[in-house]
Structure formats: structure tokens, C-alpha cells
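Structure data (mmCIF, C-alpha atoms) from query_14.cif:
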data_start
loop_
_atom_site.group_PDB
_atom_site.id
_atom_site.type_symbol
_atom_site.label_atom_id
_atom_site.label_comp_id
_atom_site.auth_asym_id
_atom_site.auth_seq_id
_atom_site.Cartn_x
_atom_site.Cartn_y
_atom_site.Cartn_z
ATOM 1 C CA GLY A 1 13.875 3.016 26.390
ATOM 2 C CA ILE A 2 12.646 6.514 27.079
ATOM 3 C CA GLY A 3 9.038 5.497 27.758
ATOM 4 C CA SER A 4 5.969 7.710 27.717
ATOM 5 C CA GLU A 5 7.286 10.226 30.252
ATOM 6 C CA GLY A 6 10.483 10.612 28.282
ATOM 7 C CA VAL A 7 8.480 11.266 25.124
ATOM 8 C CA GLU A 8 6.633 14.119 26.840
ATOM 9 C CA HIS A 9 9.937 15.757 27.836
ATOM 10 C CA LEU A 10 11.325 15.225 24.332
ATOM 11 C CA VAL A 11 8.271 16.782 22.709
ATOM 12 C CA THR A 12 8.486 19.803 25.025
ATOM 13 C CA LEU A 13 12.111 20.292 24.034
ATOM 14 C CA LEU A 14 11.481 19.861 20.322
ATOM 15 C CA ARG A 15 8.607 22.330 20.294
ATOM 16 C CA THR A 16 11.093 25.058 21.217
ATOM 17 C CA SER A 17 13.187 24.328 18.095
ATOM 18 C CA ASN A 18 11.858 26.778 15.562
ATOM 19 C CA GLY A 19 11.497 26.080 11.849
ATOM 20 C CA ARG A 20 13.311 22.761 11.599
ATOM 21 C CA ARG A 21 12.392 19.603 9.708
ATOM 22 C CA LEU A 22 13.147 16.553 11.801
ATOM 23 C CA ASP A 23 13.780 12.849 11.252
ATOM 24 C CA LEU A 24 12.601 11.408 14.573
ATOM 25 C CA ASN A 25 13.653 7.834 15.354
ATOM 26 C CA LEU A 26 12.041 6.256 18.418
ATOM 27 C CA ASN A 27 12.269 2.638 17.282
ATOM 28 C CA ASN A 28 12.349 -0.088 19.950
ATOM 29 C CA ASN A 29 11.060 2.102 22.774
ATOM 30 C CA PRO A 30 8.093 0.827 24.837
ATOM 31 C CA LEU A 31 6.002 3.918 24.198
ATOM 32 C CA THR A 32 2.485 2.427 24.173
ATOM 33 C CA ALA A 33 -0.656 4.349 23.237
ATOM 34 C CA ALA A 34 -0.070 6.936 25.977
ATOM 35 C CA SER A 35 2.847 8.368 23.998
ATOM 36 C CA ALA A 36 0.815 8.949 20.855
ATOM 37 C CA ALA A 37 -0.892 12.087 22.184
ATOM 38 C CA PRO A 38 2.289 14.091 22.939
ATOM 39 C CA LEU A 39 3.866 12.867 19.708
ATOM 40 C CA SER A 40 0.848 14.065 17.788
ATOM 41 C CA GLN A 41 1.464 17.589 19.127
ATOM 42 C CA LEU A 42 4.497 17.782 16.854
ATOM 43 C CA MET A 43 2.168 17.338 13.883
ATOM 44 C CA CYS A 44 -0.204 20.116 14.910
ATOM 45 C CA ALA A 45 -0.387 23.225 12.788
ATOM 46 C CA ASP A 46 0.879 25.494 15.584
ATOM 47 C CA SER A 47 4.030 23.424 16.132
ATOM 48 C CA PRO A 48 7.227 25.208 15.029
ATOM 49 C CA MET A 49 8.842 21.798 14.531
ATOM 50 C CA MET A 50 7.902 19.765 11.467
ATOM 51 C CA ILE A 51 8.485 16.010 11.504
ATOM 52 C CA GLN A 52 9.599 14.736 8.110
ATOM 53 C CA SER A 53 10.217 11.082 9.053
ATOM 54 C CA LEU A 54 8.681 9.345 12.051
ATOM 55 C CA HIS A 55 10.135 5.960 13.022
ATOM 56 C CA LEU A 56 8.007 4.094 15.576
ATOM 57 C CA SER A 57 8.825 0.447 14.907
ATOM 58 C CA HIS A 58 8.461 -1.948 17.881
ATOM 59 C CA CYS A 59 6.883 0.703 20.136
ATOM 60 C CA GLN A 60 3.768 -1.165 21.355
ATOM 61 C CA LEU A 61 1.385 1.495 20.067
ATOM 62 C CA GLY A 62 -1.466 -0.913 19.386
ATOM 63 C CA ASN A 63 -4.800 0.074 17.877
ATOM 64 C CA GLU A 64 -5.411 2.919 20.317
ATOM 65 C CA GLY A 65 -2.045 4.552 19.674
ATOM 66 C CA MET A 66 -2.671 4.367 15.940
ATOM 67 C CA ARG A 67 -6.114 5.913 16.412
ATOM 68 C CA VAL A 68 -4.698 8.888 18.334
ATOM 69 C CA LEU A 69 -2.027 9.570 15.719
ATOM 70 C CA CYS A 70 -4.551 9.278 12.904
ATOM 71 C CA ASN A 71 -7.145 11.551 14.499
ATOM 72 C CA ASN A 72 -4.536 14.273 14.797
ATOM 73 C CA ALA A 73 -3.496 13.806 11.179
ATOM 74 C CA VAL A 74 -7.051 14.525 10.034
ATOM 75 C CA VAL A 75 -7.404 17.575 12.283
ATOM 76 C CA SER A 76 -4.088 19.142 11.319
ATOM 77 C CA SER A 77 -4.121 18.369 7.586
ATOM 78 C CA SER A 78 -6.457 21.223 6.726
ATOM 79 C CA LEU A 79 -4.210 23.704 8.513
ATOM 80 C CA HIS A 80 -0.799 23.042 6.991
ATOM 81 C CA SER A 81 0.515 21.218 3.946
ATOM 82 C CA ASN A 82 3.936 20.160 5.213
ATOM 83 C CA GLY A 83 4.219 17.125 7.430
ATOM 84 C CA VAL A 84 5.264 13.519 7.804
ATOM 85 C CA GLU A 85 6.553 12.029 4.558
ATOM 86 C CA PHE A 86 7.758 8.700 5.992
ATOM 87 C CA LEU A 87 5.944 6.758 8.726
ATOM 88 C CA ASP A 88 7.160 3.453 10.144
ATOM 89 C CA VAL A 89 4.731 1.787 12.550
ATOM 90 C CA SER A 90 5.849 -1.778 11.861
ATOM 91 C CA HIS A 91 5.619 -4.409 14.620
ATOM 92 C CA ASN A 92 3.281 -2.457 16.892
ATOM 93 C CA GLY A 93 0.439 -4.876 17.542
ATOM 94 C CA ILE A 94 -1.808 -2.969 15.143
ATOM 95 C CA GLU A 95 -4.795 -5.008 14.012
ATOM 96 C CA GLU A 96 -7.874 -4.469 11.853
ATOM 97 C CA ALA A 97 -9.252 -1.617 13.987
ATOM 98 C CA GLY A 98 -5.984 0.313 13.850
ATOM 99 C CA ALA A 99 -5.691 -0.205 10.101
ATOM 100 C CA LYS A 100 -9.233 1.071 9.585
ATOM 101 C CA ALA A 101 -8.467 4.180 11.650
ATOM 102 C CA LEU A 102 -5.419 4.765 9.484
ATOM 103 C CA ALA A 103 -7.420 4.235 6.297
ATOM 104 C CA ALA A 104 -10.063 6.738 7.413
ATOM 105 C CA SER A 105 -7.355 9.321 8.073
ATOM 106 C CA LEU A 106 -5.719 8.752 4.689
ATOM 107 C CA TYR A 107 -9.018 9.545 3.006
ATOM 108 C CA ASP A 108 -12.504 9.922 4.470
ATOM 109 C CA ARG A 109 -15.050 9.466 1.676
ATOM 110 C CA ASP A 110 -17.884 10.966 3.713
ATOM 111 C CA SER A 111 -16.115 14.291 4.244
ATOM 112 C CA GLY A 112 -13.684 14.162 1.329
ATOM 113 C CA LYS A 113 -10.918 15.059 3.783
ATOM 114 C CA THR A 114 -7.371 13.757 3.422
ATOM 115 C CA GLY A 115 -5.055 13.397 6.387
ATOM 116 C CA TRP A 116 -1.341 12.620 6.223
ATOM 117 C CA GLU A 117 -1.373 14.717 3.067
ATOM 118 C CA SER A 118 2.423 14.704 2.779
ATOM 119 C CA LEU A 119 2.809 10.987 3.501
ATOM 120 C CA ARG A 120 4.672 9.158 0.727
ATOM 121 C CA MET A 121 6.036 6.048 2.466
ATOM 122 C CA LEU A 122 4.188 3.841 4.965
ATOM 123 C CA LYS A 123 5.570 0.744 6.701
ATOM 124 C CA LEU A 124 3.044 -1.530 8.403
ATOM 125 C CA SER A 125 4.997 -4.785 8.313
ATOM 126 C CA GLY A 126 4.697 -7.245 11.167
ATOM 127 C CA ASN A 127 1.219 -6.127 12.243
ATOM 128 C CA ASN A 128 -1.648 -8.624 12.083
ATOM 129 C CA ILE A 129 -3.868 -6.277 10.094
ATOM 130 C CA GLY A 130 -5.714 -9.057 8.305
ATOM 131 C CA VAL A 131 -7.845 -9.099 5.182
ATOM 132 C CA ASN A 132 -10.444 -6.515 6.225
ATOM 133 C CA GLY A 133 -7.841 -4.069 7.485
ATOM 134 C CA VAL A 134 -5.954 -4.184 4.191
ATOM 135 C CA LYS A 135 -9.198 -3.910 2.220
ATOM 136 C CA ALA A 136 -9.929 -0.701 4.128
ATOM 137 C CA LEU A 137 -6.508 0.655 3.182
ATOM 138 C CA ALA A 138 -7.037 -0.265 -0.471
ATOM 139 C CA ALA A 139 -10.456 1.394 -0.470
ATOM 140 C CA CYS A 140 -9.039 4.752 0.629
ATOM 141 C CA LEU A 141 -6.482 4.944 -2.204
ATOM 142 C CA GLN A 142 -7.313 6.275 -5.643
ATOM 143 C CA LYS A 143 -8.144 3.746 -8.365
ATOM 144 C CA PRO A 144 -9.329 3.957 -11.964
ATOM 145 C CA SER A 145 -13.043 3.544 -12.492
ATOM 146 C CA THR A 146 -14.594 2.409 -15.772
ATOM 147 C CA THR A 147 -18.075 3.566 -16.657
ATOM 148 C CA THR A 148 -19.919 1.777 -19.435
ATOM 149 C CA THR A 149 -22.534 3.661 -21.439
ATOM 150 C CA THR A 150 -24.956 1.796 -23.682
ATOM 151 C CA THR A 151 -26.930 3.416 -26.515
ATOM 152 C CA THR A 152 -30.037 1.543 -27.582
ATOM 153 C CA ALA A 153 -32.352 1.587 -30.572
ATOM 154 C CA THR A 154 -36.013 0.682 -30.103
ATOM 155 C CA THR A 155 -38.123 -0.867 -32.857
ATOM 156 C CA ALA A 156 -41.898 -1.089 -32.491
ATOM 157 C CA THR A 157 -43.908 -3.872 -34.109
ATOM 158 C CA ASP A 158 -47.547 -4.867 -33.905
ATOM 159 C CA THR A 159 -46.889 -7.427 -31.221
ATOM 160 C CA ALA A 160 -43.748 -6.359 -29.353
ATOM 161 C CA THR A 161 -41.132 -3.724 -28.831
ATOM 162 C CA THR A 162 -37.542 -4.861 -29.338
ATOM 163 C CA THR A 163 -34.619 -3.006 -27.780
ATOM 164 C CA THR A 164 -31.235 -3.638 -29.359
ATOM 165 C CA ALA A 165 -27.863 -2.415 -28.089
ATOM 166 C CA THR A 166 -26.199 -0.528 -30.919
ATOM 167 C CA ASP A 167 -23.229 1.143 -29.285
ATOM 168 C CA VAL A 168 -21.228 0.440 -26.155
ATOM 169 C CA SER A 169 -18.499 2.830 -25.106
ATOM 170 C CA GLU A 170 -16.249 2.855 -22.087
ATOM 171 C CA SER A 171 -14.826 5.957 -20.496
ATOM 172 C CA SER A 172 -12.258 5.831 -17.735
ATOM 173 C CA SER A 173 -12.345 8.234 -14.820
ATOM 174 C CA MET A 174 -10.634 8.339 -11.441
ATOM 175 C CA TRP A 175 -12.242 7.491 -8.145
ATOM 176 C CA GLU A 176 -11.751 9.939 -5.347
ATOM 177 C CA GLY A 177 -9.128 8.849 -2.862
ATOM 178 C CA ASN A 178 -5.704 9.498 -1.421
ATOM 179 C CA THR A 179 -3.237 10.284 -4.218
ATOM 180 C CA CYS A 180 -0.125 10.902 -2.109
ATOM 181 C CA LEU A 181 0.958 7.485 -0.844
ATOM 182 C CA GLU A 182 3.632 5.951 -3.087
ATOM 183 C CA VAL A 183 5.302 3.208 -1.020
ATOM 184 C CA LEU A 184 3.377 0.676 1.080
ATOM 185 C CA ASP A 185 4.990 -2.164 3.039
ATOM 186 C CA LEU A 186 2.516 -4.859 4.069
ATOM 187 C CA SER A 187 5.026 -7.633 4.713
ATOM 188 C CA GLN A 188 3.872 -10.166 7.316
ATOM 189 C CA THR A 189 0.461 -8.582 7.809
ATOM 190 C CA ASN A 190 -1.735 -11.602 7.037
ATOM 191 C CA CYS A 191 -3.290 -9.475 4.322
ATOM 192 C CA GLY A 192 -4.744 -12.283 2.213
ATOM 193 C CA GLU A 193 -4.556 -12.461 -1.553
ATOM 194 C CA GLY A 194 -8.111 -11.143 -1.960
ATOM 195 C CA ALA A 195 -7.112 -7.859 -0.345
ATOM 196 C CA ALA A 196 -3.687 -7.798 -1.982
ATOM 197 C CA VAL A 197 -5.111 -7.774 -5.506
ATOM 198 C CA LEU A 198 -7.141 -4.649 -4.703
ATOM 199 C CA LEU A 199 -3.886 -2.776 -4.135
ATOM 200 C CA LEU A 200 -2.649 -3.586 -7.643
ATOM 201 C CA GLU A 201 -5.048 -0.986 -9.048
ATOM 202 C CA CYS A 202 -4.139 1.836 -6.660
ATOM 203 C CA CYS A 203 -2.869 4.576 -8.945
ATOM 204 C CA SER A 204 -0.562 6.429 -6.565
ATOM 205 C CA LEU A 205 1.364 3.346 -5.407
ATOM 206 C CA LYS A 206 4.811 2.899 -6.930
ATOM 207 C CA LYS A 207 6.215 0.279 -4.554
ATOM 208 C CA LEU A 208 4.227 -2.504 -2.884
ATOM 209 C CA ARG A 209 5.718 -5.106 -0.542
ATOM 210 C CA LEU A 210 3.690 -8.255 0.119
ATOM 211 C CA PHE A 211 6.526 -10.405 1.453
ATOM 212 C CA ASN A 212 5.756 -13.387 3.697
ATOM 213 C CA ASN A 213 1.968 -13.283 3.731
ATOM 214 C CA SER A 214 1.528 -17.050 3.346
ATOM 215 C CA PHE A 215 -0.275 -16.770 0.019
ATOM 216 C CA GLY A 216 0.910 -20.223 -0.982
ATOM 217 C CA THR A 217 0.113 -21.685 -4.383
ATOM 218 C CA ASN A 218 -3.626 -20.994 -4.234
ATOM 219 C CA GLY A 219 -3.196 -17.384 -3.192
ATOM 220 C CA MET A 220 -0.531 -16.668 -5.791
ATOM 221 C CA THR A 221 -2.767 -18.229 -8.439
ATOM 222 C CA HIS A 222 -5.435 -15.682 -7.532
ATOM 223 C CA ILE A 223 -2.912 -12.843 -7.770
ATOM 224 C CA ALA A 224 -1.680 -14.115 -11.154
ATOM 225 C CA THR A 225 -5.247 -14.213 -12.465
ATOM 226 C CA GLU A 226 -6.013 -10.666 -11.337
ATOM 227 C CA ILE A 227 -2.714 -9.069 -12.349
ATOM 228 C CA LYS A 228 -3.240 -10.215 -15.931
ATOM 229 C CA THR A 229 -5.842 -7.478 -16.475
ATOM 230 C CA ALA A 230 -5.216 -5.028 -13.611
ATOM 231 C CA PRO A 231 -4.343 -1.416 -14.570
ATOM 232 C CA CYS A 232 -1.211 -1.743 -12.458
ATOM 233 C CA SER A 233 1.282 1.147 -12.466
ATOM 234 C CA LEU A 234 3.729 -0.239 -9.884
ATOM 235 C CA GLU A 235 7.472 0.260 -10.289
ATOM 236 C CA GLU A 236 8.382 -2.339 -7.646
ATOM 237 C CA LEU A 237 6.401 -5.386 -6.511
ATOM 238 C CA ASP A 238 7.545 -7.813 -3.811
ATOM 239 C CA VAL A 239 5.691 -11.133 -3.584
ATOM 240 C CA GLY A 240 8.641 -13.008 -2.100
ATOM 241 C CA GLY A 241 8.514 -15.492 0.755
ATOM 242 C CA ASN A 242 5.029 -16.770 -0.049
ATOM 243 C CA ASN A 243 5.880 -20.403 -0.852
ATOM 244 C CA ALA A 244 4.074 -20.708 -4.171
ATOM 245 C CA ASP A 245 5.048 -23.619 -6.402
ATOM 246 C CA ALA A 246 7.088 -23.183 -9.571
ATOM 247 C CA SER A 247 4.250 -23.613 -12.060
ATOM 248 C CA THR A 248 2.272 -20.887 -10.316
ATOM 249 C CA MET A 249 5.250 -18.541 -10.461
ATOM 250 C CA VAL A 250 5.469 -19.220 -14.203
ATOM 251 C CA ASN A 251 1.796 -18.269 -14.454
ATOM 252 C CA LEU A 252 2.441 -15.048 -12.528
ATOM 253 C CA LEU A 253 5.338 -14.050 -14.783
ATOM 254 C CA ASP A 254 3.326 -14.891 -17.901
ATOM 255 C CA ALA A 255 0.356 -12.913 -16.566
ATOM 256 C CA ILE A 256 2.477 -9.794 -16.109
ATOM 257 C CA GLY A 257 3.799 -10.200 -19.646
ATOM 258 C CA SER A 258 0.232 -10.555 -20.932
ATOM 259 C CA ASN A 259 -0.905 -7.346 -19.244
ATOM 260 C CA GLN A 260 -0.774 -4.868 -22.112
ATOM 261 C CA PHE A 261 -1.237 -1.931 -19.744
ATOM 262 C CA MET A 262 1.891 -2.901 -17.791
ATOM 263 C CA VAL A 263 3.901 -3.688 -20.924
ATOM 264 C CA ASP A 264 2.964 -0.426 -22.638
ATOM 265 C CA ALA A 265 3.606 1.667 -19.513
ATOM 266 C CA ALA A 266 6.894 -0.185 -18.872
ATOM 267 C CA LYS A 267 6.995 1.131 -15.310
ATOM 268 C CA LEU A 268 7.775 -2.125 -13.503
ATOM 269 C CA ARG A 269 11.485 -2.102 -12.651
ATOM 270 C CA VAL A 270 11.823 -4.576 -9.757
ATOM 271 C CA LEU A 271 9.933 -7.821 -9.184
ATOM 272 C CA GLU A 272 10.879 -9.815 -6.070
ATOM 273 C CA ILE A 273 9.913 -13.499 -6.267
ATOM 274 C CA GLY A 274 12.471 -15.163 -3.965
ATOM 275 C CA GLY A 275 11.134 -17.482 -1.291
ATOM 276 C CA ASN A 276 8.846 -19.189 -3.807
ATOM 277 C CA ASP A 277 9.716 -22.356 -5.736
ATOM 278 C CA SER A 278 11.908 -22.001 -8.797
ATOM 279 C CA SER A 279 12.651 -24.181 -11.810
ATOM 280 C CA GLU A 280 13.968 -24.049 -15.354
ATOM 281 C CA GLY A 281 10.457 -23.061 -16.369
ATOM 282 C CA VAL A 282 10.562 -20.073 -14.010
ATOM 283 C CA GLU A 283 13.921 -18.972 -15.410
ATOM 284 C CA HIS A 284 12.586 -19.255 -18.956
ATOM 285 C CA ALA A 285 9.489 -17.239 -18.031
ATOM 286 C CA ILE A 286 11.732 -14.542 -16.530
ATOM 287 C CA LYS A 287 13.704 -14.275 -19.771
ATOM 288 C CA MET A 288 10.509 -14.020 -21.794
ATOM 289 C CA LEU A 289 9.159 -11.299 -19.507
ATOM 290 C CA GLN A 290 12.398 -9.337 -19.678
ATOM 291 C CA GLN A 291 12.140 -9.326 -23.460
ATOM 292 C CA LYS A 292 8.926 -7.340 -23.042
ATOM 293 C CA LEU A 293 10.248 -5.302 -20.103
ATOM 294 C CA PRO A 294 14.011 -4.998 -20.760
ATOM 295 C CA ARG A 295 14.639 -2.771 -17.727
ATOM 296 C CA LEU A 296 13.009 -5.203 -15.295
ATOM 297 C CA ASP A 297 15.159 -6.697 -12.529
ATOM 298 C CA VAL A 298 13.735 -9.958 -11.169
ATOM 299 C CA ALA A 299 15.174 -10.599 -7.705
ATOM 300 C CA ARG A 300 15.262 -14.069 -6.188
ATOM 301 C CA ASP A 301 17.027 -13.515 -2.855
ATOM 302 C CA LYS A 302 14.162 -13.606 -0.343
ATOM 303 C CA PRO A 303 14.070 -16.331 2.334
ATOM 304 C CA ARG A 304 11.083 -18.606 2.572
ATOM 305 C CA GLY A 305 8.194 -17.710 4.817
ATOM 306 C CA PRO A 306 6.282 -20.262 6.883
ATOM 307 C CA ARG A 307 4.298 -22.768 4.869
ATOM 308 C CA SER A 308 0.591 -21.972 4.531
ATOM 309 C CA ASN A 309 -1.920 -24.673 5.302
#
Would you give me this structure, written as C-alpha cells?
Amino acid sequence: GIGSEGVEHLVTLLRTSNGRRLDLNLNNNPLTAASAAPLSQLMCADSPMMIQSLHLSHCQLGNEGMRVLCNNAVVSSSLHSNGVEFLDVSHNGIEEAGAKALAASLYDRDSGKTGWESLRMLKLSGNNIGVNGVKALAACLQKPSTTTTTTTATTATDTATTTTATDVSESSSMWEGNTCLEVLDLSQTNCGEGAAVLLLECCSLKKLRLFNNSFGTNGMTHIATEIKTAPCSLEELDVGGNNADASTMVNLLDAIGSNQFMVDAAKLRVLEIGGNDSSEGVEHAIKMLQQKLPRLDVARDKPRGPRSN
């Protein structure tokens, strides 16, 4: 591998290449956090080189390397609008702290500032981000918010005043948050079903991969319950490799078919359920769902993940 010193030389060379958009692949190089600072120079506003895709899988960046990259993204985002559209930091030893740094750079609610403002695709697979790290990511993405307004009528009597609700109306608005991210890969991140369901409501997401997160039957039951009413606008959803039993997978398929928002929008095109138990009941549920969503492809080719306890 080229290592940290090699990255510095590479960055120096690339900064002399004027006006180009670059797909930079440094996968499987032991870069560590020390390499993040020179790499981040390529994302600065005064850099003549613009990185379009940045591949950093298996580079040992860790939490500190992620923090350095993310801090630069926030600083540079207000100065130029073109930047990284695809970021792969899978298998880098990133944990909760690194995920929270990334979430803060995607959208900081205190300042209202968005970093990585061109980022469309993000791969975080193989990092032990955990439940709280994924919750932080979900919190920074835009979701629908429902506000309920109640109108009351008050009637006075000699002994008491009675307040009666006469009209309840709901109006939907959008939370503030990052609206750019469209593809999120959280395979093998130990994300937990409680955090996963929060992502179902993220408006910008079109593709969500939750492969091999050891949801098991209990976790998939939770997801099935939540997806039944979630305002989910996904085009692709991967819940493969999670070892849920067949009856739970039937419940998941039925829940999607019962979600009128998803049926009316008809956006879901690919549903990956391989690596969970199957049965004749699952196949029947797939056929019933495809009657409501005729363009839906239900894939069953994922391997099994490790059994959850």
C-alpha cells in the first residue's frame, strides 16, 4: 500500500491537475487517520482538483480519520457546491463516535449548516457503528413531521366549564435536515432494528441496505410493525441475511402491502429478503404484494448472516 507518506505525495501531484473531476480509489491501503488531513485538502474550496468519488474501504481510518474528513466537509461546503458524490468508508473501524461526527457534518441542527452537500451515495458497511451511531445518522436526514392542531369549544355552566374538542386537523411539514443523501449502505453495522426503522422515514433516501445486522425474528417483527405505517419513499430496501423466520417475513411483506403511502407512491422497485427463512407462505405473500406493486422485484439470493442470540 502507499501509506500516509504516499498519500501526501499523491495529493501534491493531484493539486497541480487543474479543473478535473476525479474518481479516487485508495481501497485496501493502510492509510490510518494521519492520511485524512492531506486527503481533505482535495476537498477544500481552493483545490483545483474536485473529487467526485472517494473510495477508502479497508483503510484503517478509525474514528479520528472520519472526524478529520468530516470537519473539512463542513468548512468547505459553504465555499463551493461541487464535491464528493460517492463516499466509501466501509470496513474502517469506525464506531459510534465516528458515525456521530459524520452525522454532524451531514447536517448540524444548531448552525443549520450542511456538509458533504453533493454526497449522494454513502457506504458504511462493516463498521461497528451500533444503535446510537445509526440513530445519529437518521436524525440528521430530513423526515416528514406531522403537526396536530385542535380547535376547542368552551361551554360555561353554573357549576363547571366544559371544554370539548370539535375539530382536529393534521398538517404535514418537513423537518430540517440533509436532503442530498440518496443511497445508504449500513450492512454489517450492528445498527439494531430500533435505529433501522428511523431510516424508513428519511425522505431523501432511495436505497437502504440493512443486510446482515442480526435482526433475527424479533428485530424483523419490529421492522414489520413500523413499516406498516411509515411514510417510506424507498425505491430499494435490503433486509437480507438477518435470519428472521418465515412467518415474520410474511408479516413484513403483508405490512408493506398494507402501507397505503407505499402502495400509492409505488416507488419500491427492489426488496431483498434472501438470507431469511422462506416457505410457501412467503411465496404467496410475495405474489400478493406484487399484485399491489407490479413493478416490484423481490430478490432472494442473499446468504445467511450469523444467527442472533
Just want the 6 Å neighbourhood of Ser90 of chain A, counted on all atoms listed in the file, with same-chain residues fewer than 2 positions away dropped. Output as an MDAnalysis selection string. chainID A and resid 57 88 92 123:126
Determine the nearest neighbour of Ser279 of chain A from the options A:Ala265, A:Val250, A:Ala255, A:Leu39, counting all atoms listed in the file.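 Under the stated criterion, the closest residue is A:Val250.
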Using all atoms listed in the file, which residue out of A:Val263, A:Ile256, A:Val7, A:Val298 lies closest to Ile227 of chain A?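 Nearest candidate to Ile227 of chain A out of A:Val263, A:Ile256, A:Val7, A:Val298: A:Ile256.
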Ground truth for the PyMOL selection byres ((chain A and resi 245) around 10), written as a PDB file with C-alpha atoms, in the frame of the given file:
ATOM      1  CA  GLY A 216       0.910 -20.223  -0.982  1.00  0.00           C
ATOM      2  CA  THR A 217       0.113 -21.685  -4.383  1.00  0.00           C
ATOM      3  CA  ASN A 218      -3.626 -20.994  -4.234  1.00  0.00           C
ATOM      4  CA  MET A 220      -0.531 -16.668  -5.791  1.00  0.00           C
ATOM      5  CA  THR A 221      -2.767 -18.229  -8.439  1.00  0.00           C
ATOM      6  CA  ASN A 242       5.029 -16.770  -0.049  1.00  0.00           C
ATOM      7  CA  ASN A 243       5.880 -20.403  -0.852  1.00  0.00           C
ATOM      8  CA  ALA A 244       4.074 -20.708  -4.171  1.00  0.00           C
ATOM      9  CA  ALA A 246       7.088 -23.183  -9.571  1.00  0.00           C
ATOM     10  CA  SER A 247       4.250 -23.613 -12.060  1.00  0.00           C
ATOM     11  CA  THR A 248       2.272 -20.887 -10.316  1.00  0.00           C
ATOM     12  CA  MET A 249       5.250 -18.541 -10.461  1.00  0.00           C
ATOM     13  CA  VAL A 250       5.469 -19.220 -14.203  1.00  0.00           C
ATOM     14  CA  ASN A 276       8.846 -19.189  -3.807  1.00  0.00           C
ATOM     15  CA  ASP A 277       9.716 -22.356  -5.736  1.00  0.00           C
ATOM     16  CA  SER A 278      11.908 -22.001  -8.797  1.00  0.00           C
ATOM     17  CA  SER A 279      12.651 -24.181 -11.810  1.00  0.00           C
TER      18      SER A 279
END
Nearest to Val134 of chain A: which of A:Leu199, A:Val89, A:Leu181, A:Leu122 is it, counting all atoms listed in the file?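 Counting all atoms listed in the file, the residue closest to Val134 of chain A is A:Leu199.
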Residues near Tyr107 of chain A, cut-off 9 Å, all atoms listed in the file, skip fewer than 6 positions along chain, as a VMD selection string: chain A and resid 74 113 to 116 139 to 141 176 to 178
One-decimal distance in Å that lies between atom CA of Ala299 of chain A and atom CA of Ala138 of chain A: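 These two atoms are separated by 25.5 Å.
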Within 8 Å of Leu293 of chain A, counting all atoms listed in the file, which residues show up once you throw out same-chain ones fewer than 2 positions away? Write them as a PDB file with C-alpha atoms, keeping the file's coordinate frame, please.
ATOM      1  CA  VAL A 263       3.901  -3.688 -20.924  1.00  0.00           C
ATOM      2  CA  ALA A 266       6.894  -0.185 -18.872  1.00  0.00           C
ATOM      3  CA  LEU A 268       7.775  -2.125 -13.503  1.00  0.00           C
ATOM      4  CA  LEU A 289       9.159 -11.299 -19.507  1.00  0.00           C
ATOM      5  CA  GLN A 290      12.398  -9.337 -19.678  1.00  0.00           C
ATOM      6  CA  GLN A 291      12.140  -9.326 -23.460  1.00  0.00           C
ATOM      7  CA  ARG A 295      14.639  -2.771 -17.727  1.00  0.00           C
ATOM      8  CA  LEU A 296      13.009  -5.203 -15.295  1.00  0.00           C
TER       9      LEU A 296
END
Quick one: which residues end up in the PyMOL selection byres ((chain A and resi 188) around 7) for this structure, as a list in words?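 That selection, the PyMOL selection byres ((chain A and resi 188) around 7), comes back as Ser125, Gly126, Asn127, Leu186, Ser187, Thr189, Asn190, Phe211, Asn212 and Asn213 of chain A.
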